[in-house]
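One structure below.
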Amino acid sequence: RTTYHIAVIKGDGIGPEIVTEAMKILHLAGEKFGFLCQFHEVLAGGCAIEATGQALPEETLEACLASDSVLLGAVGGPQWDTLPGEKRPERALLGLRSGLDLFTNLRPAYLQPALAHACPLKPEIVGEGMDILIVRELTGGIYFGKRGRTKVNGAPAAFDTECYSVPEIQRICRVAFESARKRRGHVTSVDKANVLESSRLWRTVFHEIAREYPDVTADDMFIDNAAMQLVHNPAQFDVIVTTNMFGDILSDEASMLTGSIGMLPSASLGATRLGMYEPVHGSAPDIAGKGLANPLATIASAAMMLRYSLDQPAAADAVDRAIAAALADGWRTADIADASTPEEKILSTVQMGEAVASLL
Ligand code: NAD
Ligand code: IPM
Ligand code: MN
């Protein structure tokens with residue numbers, strides 16, 4: 001049997017709870033489809049700071065580089081919020097993304113038909129089966145620009161800078177157009193070109209790349225308008241391509257249209273097969289350790305791993321179908337339940353993992 005080596009970073013808060021469920025699903029998918037997932041647990045984030053003094057120990061990055069793919073829960077929490085920026089748990093995430101050269105972040109926001117009730121928009125606004133792919137640039141922009149403390153007129157001040165090179169913009173735009181070709185053939189670039197120079201370059205390069213894809217419709221939008229349009233008329237979007245920070249913000253907004261932030265998976269990809277897979281949400285310290293976390297975003301991220309890194313599309317489809325079936329059967333975690341959900345249908349993290357497993 002093919003053996004895949006998967007580096008696992010459970011992380012902080014709800015990380016261990018949700019990752020454990022995704023690992024069970026990957027293991028089961030392997031049994032069904034004839035491959036073996038060998039998990040190698042490594043530390044990153046707050047738990048790594050506690051154990052080693054470093055958010056991203058050297059050996060963690062090395063283990064990830066040596067693996068077929070990386071499964072990650074979430075990092076961070078209030079106990080580390082007072083650390084200086086360079087020492088915070090979140091630095092580990094940025095270090096992994098840049099260290100593995102994962103410049104593409106795919107964040108699909110798909111409203112499961114069974115969750116139409118959980119979407120806060122009226123059914124006539126959200127439309128039939130909202131299905132948006134956010135393509136977020138992940139290793140550039142303000143996240144990786146020069147930042148620091150300074151003085152302005154003698155007063156303490158701080159700055160962060162946004163810089164994008166033409167090749168950085170070109171490669172992420174190509175990913176967006178290639179993705180759109182397999183979908184509904186429409187890419188919207190989101191920027192702030194009315195103010196930011198980096199956005200003006202972004203917009204120009206986007207339209208240059210668009211000429212390579214005459215079969216795909218290309219348009220652009222300012223970020224403030226895009227944030228509004230997402231709740232006004234989400235059905236107008238197919239693929240959204242945008243910068244690191246705008247993609248971060250828009251994807252949390254889009255997640256709510258799918259019912260809950262607990263539903264949105266992501267794949268971080270580079271030029272090779274190696275990818276990192278994690279839910280879009282964070283470590284949810286407010287519900288950590290209570291069995292309340294929705295594991296579906298992480299399980300759906302594992303499905304993306306099967307598709308993009310492990311070349312197991314049938315297994316990926318099967319996991320996606322099992323998620324949809326669990327929801328269609330009425331199973332809910334608390335975040336996607338509502339007043340009409342019977343008590344006995346509201347599941348813990350582990351029970352939801354089991355529901356998906358039994359349908360796989
Ligand atoms: P968050 O996404 O952790 O939580 C926001 C809200 O959504 C909370 O009310 C939480 O309970 C809820 N929520 C999140 N995931 C859920 C799930 N699976 N099921 C049910 N409810 C869920 O965002 P935050 O509170 O702003 O951040 C908490 C910590 O996580 C911070 O330290 C932040 O830096 C970190 N963070 C990490 C990642 C990551 O590791 N990828 C992503 C985002 C935030
Ligand atoms: C995400 C998170 C991270 C980001 C943080 C924790 C660094 O919010 O993955 O969306 O901003 O990219
Ligand atoms: Mn985020």
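For the structure tokens, the naming scheme is as follows: chains receive sequential letters (A, B, ...) according to their order of presentation, residues are indexed from 1 within each chain, and ligands are indexed from 1 in presentation order.
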
Next on the checklist: What's around stretch 163-173 of chain A at 8 Å? Count only C-alpha atoms, leave out sequence neighbours fewer than 4 positions away in its own chain, and write the answer as a ChimeraX atom specification.
Outcome noted: /A:103-104,135-137,140-142,145,177,198,201-202,205-206,209,241

Can you pull out every residue within 12 Å of A:Gln229, counting only C-alpha atoms, but drop anything in the same chain fewer than 3 positions away, and send it as a short mmCIF file (atom, residue, chain, number, x, y, z; two decimals) with N, CA and C atoms, in the first residue's frame?
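Saved the output as selection_11.cif:
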data_model
loop_
_atom_site.label_atom_id
_atom_site.label_comp_id
_atom_site.auth_asym_id
_atom_site.auth_seq_id
_atom_site.Cartn_x
_atom_site.Cartn_y
_atom_site.Cartn_z
N ILE A 125 -31.44 36.01 -1.10
CA ILE A 125 -30.19 36.77 -1.30
C ILE A 125 -29.01 35.81 -1.50
N VAL A 126 -28.94 34.79 -0.69
CA VAL A 126 -27.78 33.90 -0.78
C VAL A 126 -27.82 33.07 -2.05
N THR A 188 -12.76 37.53 -9.93
CA THR A 188 -12.81 38.92 -9.47
C THR A 188 -11.56 39.19 -8.63
N VAL A 190 -9.70 41.51 -6.01
CA VAL A 190 -10.10 42.48 -4.98
C VAL A 190 -8.87 43.23 -4.48
N MET A 221 -12.58 44.76 -8.18
CA MET A 221 -13.47 45.40 -7.21
C MET A 221 -12.62 45.93 -6.06
N PHE A 222 -13.03 47.05 -5.48
CA PHE A 222 -12.35 47.53 -4.29
C PHE A 222 -12.77 46.69 -3.08
N ILE A 223 -11.85 46.56 -2.14
CA ILE A 223 -12.09 45.69 -0.99
C ILE A 223 -13.30 46.11 -0.17
N ASP A 224 -13.51 47.41 -0.02
CA ASP A 224 -14.66 47.83 0.81
C ASP A 224 -15.97 47.44 0.13
N ASN A 225 -16.02 47.65 -1.19
CA ASN A 225 -17.21 47.23 -1.94
C ASN A 225 -17.37 45.72 -1.90
N ALA A 226 -16.26 44.99 -2.04
CA ALA A 226 -16.33 43.52 -2.04
C ALA A 226 -16.88 42.99 -0.71
N HIS A 232 -24.41 41.36 0.14
CA HIS A 232 -25.51 41.89 -0.67
C HIS A 232 -25.92 40.90 -1.75
N ASN A 233 -24.91 40.34 -2.43
CA ASN A 233 -25.20 39.45 -3.55
C ASN A 233 -24.04 38.47 -3.76
N PRO A 234 -23.88 37.51 -2.85
CA PRO A 234 -22.72 36.60 -2.94
C PRO A 234 -22.72 35.76 -4.22
N ALA A 235 -23.89 35.57 -4.82
CA ALA A 235 -23.98 34.71 -6.00
C ALA A 235 -23.22 35.30 -7.19
N GLN A 236 -22.86 36.59 -7.14
CA GLN A 236 -22.13 37.19 -8.27
C GLN A 236 -20.69 36.70 -8.34
N PHE A 237 -20.18 36.08 -7.25
CA PHE A 237 -18.77 35.70 -7.22
C PHE A 237 -18.58 34.22 -7.56
N LEU A 250 -11.73 38.70 4.14
CA LEU A 250 -12.89 38.29 3.34
C LEU A 250 -13.27 36.83 3.60
N GLU A 253 -15.42 36.51 6.60
CA GLU A 253 -16.77 37.01 6.27
C GLU A 253 -17.52 35.94 5.46
N ALA A 254 -16.84 35.39 4.45
CA ALA A 254 -17.48 34.38 3.60
C ALA A 254 -17.85 33.14 4.41
#

Next on the checklist: Can you pull out the residues contacting A:Ala303? Cut-off 12 Å, using only C-alpha atoms, and skip same-chain residues under 5 positions away; I want them as a ChimeraX atom specification.
Outcome noted: /A:22-23,25-27,29-30,71,265-267,276-279,296-298,308-323,360

Checklist entry - What residues have any atom no more than 9 Å from ligand 2 when counting only C-alpha atoms and all ligand atoms, and can you list them as number ranges by chain? => result A: 74-76, 89-94, 138, 143, 244-245, 247-249, 251-252, 266, 278-283

Using only N, CA and C atoms, please write the residues we just selected to a file, as a compact mmCIF listing (two decimals), in the first residue's frame.
# COMPACT_ATOMS: atom_id res chain seq x y z
N ALA A 74 -4.81 24.79 14.83
CA ALA A 74 -4.76 26.25 14.97
C ALA A 74 -3.76 26.58 16.06
N VAL A 75 -3.22 27.78 15.99
CA VAL A 75 -2.26 28.19 17.01
C VAL A 75 -2.68 29.52 17.62
N GLY A 76 -2.21 29.76 18.83
CA GLY A 76 -2.47 31.04 19.48
C GLY A 76 -3.44 30.92 20.64
N PRO A 89 2.84 32.83 19.01
CA PRO A 89 2.51 31.55 18.36
C PRO A 89 2.19 31.71 16.88
N GLU A 90 1.52 32.83 16.54
CA GLU A 90 1.11 33.02 15.14
C GLU A 90 2.30 33.13 14.20
N ARG A 91 3.46 33.51 14.75
CA ARG A 91 4.68 33.57 13.92
C ARG A 91 4.99 32.20 13.33
N ALA A 92 4.65 31.14 14.07
CA ALA A 92 4.91 29.78 13.60
C ALA A 92 4.19 29.53 12.28
N LEU A 93 2.95 30.01 12.22
CA LEU A 93 2.14 29.81 11.02
C LEU A 93 2.77 30.53 9.84
N LEU A 94 3.21 31.77 10.08
CA LEU A 94 3.83 32.54 9.00
C LEU A 94 5.14 31.89 8.59
N LEU A 138 -0.41 34.18 -0.02
CA LEU A 138 -0.12 33.78 1.36
C LEU A 138 1.31 34.04 1.85
N TYR A 143 1.81 41.08 5.50
CA TYR A 143 2.19 40.06 6.48
C TYR A 143 3.71 39.88 6.53
N ASN A 244 -2.84 38.98 0.72
CA ASN A 244 -2.76 38.21 1.96
C ASN A 244 -3.76 38.74 3.01
N MET A 245 -3.73 40.02 3.28
CA MET A 245 -4.58 40.53 4.36
C MET A 245 -6.05 40.63 3.94
N GLY A 247 -7.54 38.79 1.83
CA GLY A 247 -8.04 37.41 1.77
C GLY A 247 -8.34 36.86 3.15
N ASP A 248 -7.52 37.24 4.11
CA ASP A 248 -7.76 36.82 5.50
C ASP A 248 -9.12 37.32 5.97
N ILE A 249 -9.37 38.58 5.72
CA ILE A 249 -10.60 39.20 6.23
C ILE A 249 -11.83 38.70 5.47
N SER A 251 -12.28 35.98 3.90
CA SER A 251 -12.62 34.57 4.09
C SER A 251 -13.37 34.34 5.40
N ASP A 252 -13.06 35.11 6.44
CA ASP A 252 -13.88 34.99 7.66
C ASP A 252 -15.30 35.46 7.38
N SER A 266 -9.19 25.00 4.33
CA SER A 266 -8.24 25.68 3.45
C SER A 266 -7.10 24.75 3.06
N GLU A 278 -5.45 23.30 6.77
CA GLU A 278 -5.93 23.77 8.07
C GLU A 278 -7.28 24.44 7.91
N PRO A 279 -8.08 24.43 8.99
CA PRO A 279 -9.33 25.19 8.93
C PRO A 279 -9.01 26.68 8.87
N VAL A 280 -9.98 27.47 8.40
CA VAL A 280 -9.77 28.92 8.32
C VAL A 280 -9.86 29.56 9.70
N HIS A 281 -10.61 28.92 10.59
CA HIS A 281 -10.79 29.52 11.92
C HIS A 281 -9.55 29.37 12.79
N GLY A 282 -9.60 29.99 13.97
CA GLY A 282 -8.48 29.95 14.89
C GLY A 282 -8.65 28.93 16.00
N SER A 283 -7.96 29.16 17.10
CA SER A 283 -7.90 28.18 18.19
C SER A 283 -9.09 28.27 19.14

Item to check | Among listed residues A:Leu292, A:Ile18, A:Leu264, A:Ala114, nearest ligand 3 (using only C-alpha atoms and all ligand atoms) | outcome: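 Using only C-alpha atoms and all ligand atoms, the shortest distance to ligand 3 belongs to A:Leu264.
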
Item to check | Backbone-only DSSP, strand (DSSP E or B) members of stretch 1-238 of chain A, as a ChimeraX atom specification | outcome: /A:2-11,35-41,69-74,104-110,131-137,147-152,155-160,186-191,217-222

Item to check | Gap from atom CA of A:Asn153 to atom CA of A:Arg88 - Å, one decimal | outcome: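 Calculated distance between atom CA of A:Asn153 and atom CA of A:Arg88 is 29.4 Å.
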
Next on the checklist: I'd like the contact shell of A:Pro123 - 12 Å cut-off, only C-alpha atoms, skipping same-chain residues fewer than 2 positions apart - returned as a list in words.
Outcome noted: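 Here the qualifying residues turn out to be Leu111, Pro113, Leu115, Ala116, His117, Ala118, Cys119, Pro120, Leu121, Ile125, Val126, Gly127, Glu128, Gly129, Met130, Val231, His232, Asn233, Pro234, Ala235 and Leu257 of chain A.
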
Checklist entry - Of the residues A:Gly95, A:Pro78, A:Pro16, A:Gly154, which is the one nearest to ligand 1, using only C-alpha atoms and all ligand atoms? => result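 Ranked by minimum distance to ligand 1, first place goes to A:Pro78.
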
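Reported to one decimal place, the separation of atom CA of A:Arg97 from atom CA of A:Phe39 is 19.8 Å.
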
Item to check | Those of stretch 83-163 of chain A in DSSP alpha helix (DSSP H), formatted as number ranges by chain | outcome: A: 90-99, 123-126

Residues from the last selection, N, CA and C atoms, saved as a PDB file, in the first residue's frame:
ATOM      1  N   GLU A  90       1.524  32.827  16.542  1.00  0.00           N
ATOM      2  CA  GLU A  90       1.108  33.024  15.144  1.00  0.00           C
ATOM      3  C   GLU A  90       2.301  33.126  14.197  1.00  0.00           C
ATOM      4  N   ARG A  91       3.464  33.509  14.750  1.00  0.00           N
ATOM      5  CA  ARG A  91       4.680  33.566  13.923  1.00  0.00           C
ATOM      6  C   ARG A  91       4.991  32.200  13.328  1.00  0.00           C
ATOM      7  N   ALA A  92       4.650  31.139  14.071  1.00  0.00           N
ATOM      8  CA  ALA A  92       4.913  29.783  13.597  1.00  0.00           C
ATOM      9  C   ALA A  92       4.187  29.526  12.278  1.00  0.00           C
ATOM     10  N   LEU A  93       2.953  30.010  12.224  1.00  0.00           N
ATOM     11  CA  LEU A  93       2.138  29.813  11.024  1.00  0.00           C
ATOM     12  C   LEU A  93       2.774  30.528   9.836  1.00  0.00           C
ATOM     13  N   LEU A  94       3.207  31.769  10.076  1.00  0.00           N
ATOM     14  CA  LEU A  94       3.831  32.539   8.999  1.00  0.00           C
ATOM     15  C   LEU A  94       5.142  31.889   8.589  1.00  0.00           C
ATOM     16  N   GLY A  95       5.883  31.371   9.584  1.00  0.00           N
ATOM     17  CA  GLY A  95       7.150  30.695   9.295  1.00  0.00           C
ATOM     18  C   GLY A  95       6.934  29.420   8.487  1.00  0.00           C
ATOM     19  N   LEU A  96       5.879  28.698   8.788  1.00  0.00           N
ATOM     20  CA  LEU A  96       5.576  27.485   8.016  1.00  0.00           C
ATOM     21  C   LEU A  96       5.186  27.843   6.585  1.00  0.00           C
ATOM     22  N   ARG A  97       4.337  28.843   6.446  1.00  0.00           N
ATOM     23  CA  ARG A  97       3.879  29.234   5.105  1.00  0.00           C
ATOM     24  C   ARG A  97       5.052  29.684   4.240  1.00  0.00           C
ATOM     25  N   SER A  98       5.916  30.529   4.807  1.00  0.00           N
ATOM     26  CA  SER A  98       7.043  30.997   3.987  1.00  0.00           C
ATOM     27  C   SER A  98       8.106  29.919   3.873  1.00  0.00           C
ATOM     28  N   GLY A  99       8.335  29.172   4.970  1.00  0.00           N
ATOM     29  CA  GLY A  99       9.367  28.131   4.952  1.00  0.00           C
ATOM     30  C   GLY A  99       9.055  27.007   3.973  1.00  0.00           C
ATOM     31  N   PRO A 123     -32.790  33.491   2.141  1.00  0.00           N
ATOM     32  CA  PRO A 123     -32.558  32.524   1.054  1.00  0.00           C
ATOM     33  C   PRO A 123     -32.534  33.188  -0.326  1.00  0.00           C
ATOM     34  N   GLU A 124     -33.388  34.206  -0.546  1.00  0.00           N
ATOM     35  CA  GLU A 124     -33.431  34.824  -1.875  1.00  0.00           C
ATOM     36  C   GLU A 124     -32.162  35.644  -2.148  1.00  0.00           C
ATOM     37  N   ILE A 125     -31.438  36.015  -1.102  1.00  0.00           N
ATOM     38  CA  ILE A 125     -30.187  36.765  -1.297  1.00  0.00           C
ATOM     39  C   ILE A 125     -29.010  35.812  -1.496  1.00  0.00           C
ATOM     40  N   VAL A 126     -28.938  34.786  -0.685  1.00  0.00           N
ATOM     41  CA  VAL A 126     -27.778  33.902  -0.777  1.00  0.00           C
ATOM     42  C   VAL A 126     -27.820  33.068  -2.050  1.00  0.00           C
TER      43      VAL A 126
END
